[in-house]
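To keep things clear, I will list the structure first and then write my remarks on it.
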Amino acid sequence: PETISQEELDELIKAKAEGRLKILPAKPGDIIYRPEALQFCWVITKVEIYEDEIVFIDDSDNIFRPDDIGKTVFLTREEAEKALGGGEG
């Protein structure tokens with residue numbers, strides 16, 4: 001694990017307090033799955049940050065938001081399969 005200095009930690013705390021810090025649920029290079037198309041997977045290629053929203057773009061140019069993760073887009077095939085099965089499993 002990477003170590004962080006007290007100075008860096010203080011900067012992160014300040015950024016969070018000022019609303020400048022957002023921890024994203026995924027990053028470019030992560031693989032995503034959709035319940036309606038379990039035979040496929042996509043790779044997140046970009047994260048775009050706008051004044052009022054953050055969007056992810058995958059390698060098929062599909063756009064989704066952080067709030068979609070865990071609802072319509074999943075970070076594991078197993079989570080997507082559970083969603084397809086109505087949450088059973």
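We label chains A, B, ... in the order they appear in the structure tokens, count residues from 1 in each chain, and number ligands from 1 in the order shown.
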
**Selection: 10 Å around Ile63 in chain A, only C-alpha atoms, excl. self and same-chain fewer than 4 positions, as a VMD selection string** = chain A and resid 44 46 to 48 55 to 59 68

Could the residues in this selection be saved with N, CA, C and O atoms as an mmCIF file, in the first residue's frame?
```cif
data_model
loop_
_atom_site.group_PDB
_atom_site.id
_atom_site.type_symbol
_atom_site.label_atom_id
_atom_site.label_comp_id
_atom_site.auth_asym_id
_atom_site.auth_seq_id
_atom_site.Cartn_x
_atom_site.Cartn_y
_atom_site.Cartn_z
ATOM 1 N N ILE A 44 -14.473 0.505 -18.793
ATOM 2 C CA ILE A 44 -14.593 1.951 -18.631
ATOM 3 C C ILE A 44 -13.366 2.586 -19.283
ATOM 4 O O ILE A 44 -12.236 2.232 -18.980
ATOM 5 N N LYS A 46 -13.336 6.235 -19.935
ATOM 6 C CA LYS A 46 -13.182 7.633 -19.519
ATOM 7 C C LYS A 46 -14.087 7.946 -18.344
ATOM 8 O O LYS A 46 -15.141 7.344 -18.186
ATOM 9 N N VAL A 47 -13.652 8.910 -17.565
ATOM 10 C CA VAL A 47 -14.493 9.535 -16.553
ATOM 11 C C VAL A 47 -14.481 11.017 -16.893
ATOM 12 O O VAL A 47 -13.414 11.618 -17.044
ATOM 13 N N GLU A 48 -15.669 11.591 -17.073
ATOM 14 C CA GLU A 48 -15.759 13.012 -17.373
ATOM 15 C C GLU A 48 -16.417 13.720 -16.193
ATOM 16 O O GLU A 48 -17.446 13.267 -15.686
ATOM 17 N N VAL A 55 -19.702 11.516 -15.199
ATOM 18 C CA VAL A 55 -20.173 10.412 -16.036
ATOM 19 C C VAL A 55 -19.003 9.502 -16.385
ATOM 20 O O VAL A 55 -17.859 9.937 -16.506
ATOM 21 N N PHE A 56 -19.334 8.225 -16.526
ATOM 22 C CA PHE A 56 -18.390 7.224 -16.997
ATOM 23 C C PHE A 56 -18.756 6.891 -18.436
ATOM 24 O O PHE A 56 -19.938 6.875 -18.788
ATOM 25 N N ILE A 57 -17.761 6.596 -19.247
ATOM 26 C CA ILE A 57 -17.987 6.190 -20.630
ATOM 27 C C ILE A 57 -17.237 4.880 -20.831
ATOM 28 O O ILE A 57 -16.069 4.749 -20.449
ATOM 29 N N ASP A 58 -17.933 3.897 -21.442
ATOM 30 C CA ASP A 58 -17.274 2.606 -21.668
ATOM 31 C C ASP A 58 -16.797 2.483 -23.105
ATOM 32 O O ASP A 58 -16.952 3.407 -23.913
ATOM 33 N N ASP A 59 -16.211 1.336 -23.416
ATOM 34 C CA ASP A 59 -15.608 1.141 -24.732
ATOM 35 C C ASP A 59 -16.622 0.991 -25.867
ATOM 36 O O ASP A 59 -16.236 0.864 -27.026
ATOM 37 N N ASP A 68 -25.632 4.846 -11.082
ATOM 38 C CA ASP A 68 -26.098 3.669 -11.829
ATOM 39 C C ASP A 68 -25.385 2.390 -11.388
ATOM 40 O O ASP A 68 -25.899 1.289 -11.599
#
```

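Taking only C-alpha atoms into account, Pro25 in chain A lies nearest to A:Asp67 out of the set A:Arg77, A:Leu84, A:Asp67, A:Thr72.
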
**Request:** Give the strand (DSSP E or B) residues of range 4-82 of chain A, as DSSP finds them on the backbone, and put them as a ChimeraX atom specification.
**Result:** /A:31-33,42-49,54-58,63-64,69,73-74

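Of all the residues in chain A, the ones DSSP labels as helix (DSSP H, G or I) from the backbone are Gln6, Glu7, Glu8, Leu9, Asp10, Glu11, Leu12, Ile13, Lys14, Ala15, Lys16, Ala17, Pro35, Glu36, Ala37, Pro66, Asp67, Asp68, Arg77, Glu78, Glu79, Ala80, Glu81, Lys82, Ala83 and Leu84 of chain A.
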
**Item:** Test item: residues at most 10 Å from Lys71 in chain A, only C-alpha atoms, excluding those fewer than 5 positions along its chain, as a ChimeraX atom specification
**Value:** /A:34-35,66,79-80,83

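Interatomic distance, CA of Phe74 in chain A against CA of Val43 in chain A: 11.5 Å.
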
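Nearest to Leu21 in chain A of all the residues A:Glu78, A:Glu7, A:Val73, A:Ile49 is A:Ile49, counting only C-alpha atoms.
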
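If you measure from each of A:Asp61, A:Thr76, A:Leu12, A:Glu18 to Cys41 in chain A using only C-alpha atoms, the closest one turns out to be A:Thr76.
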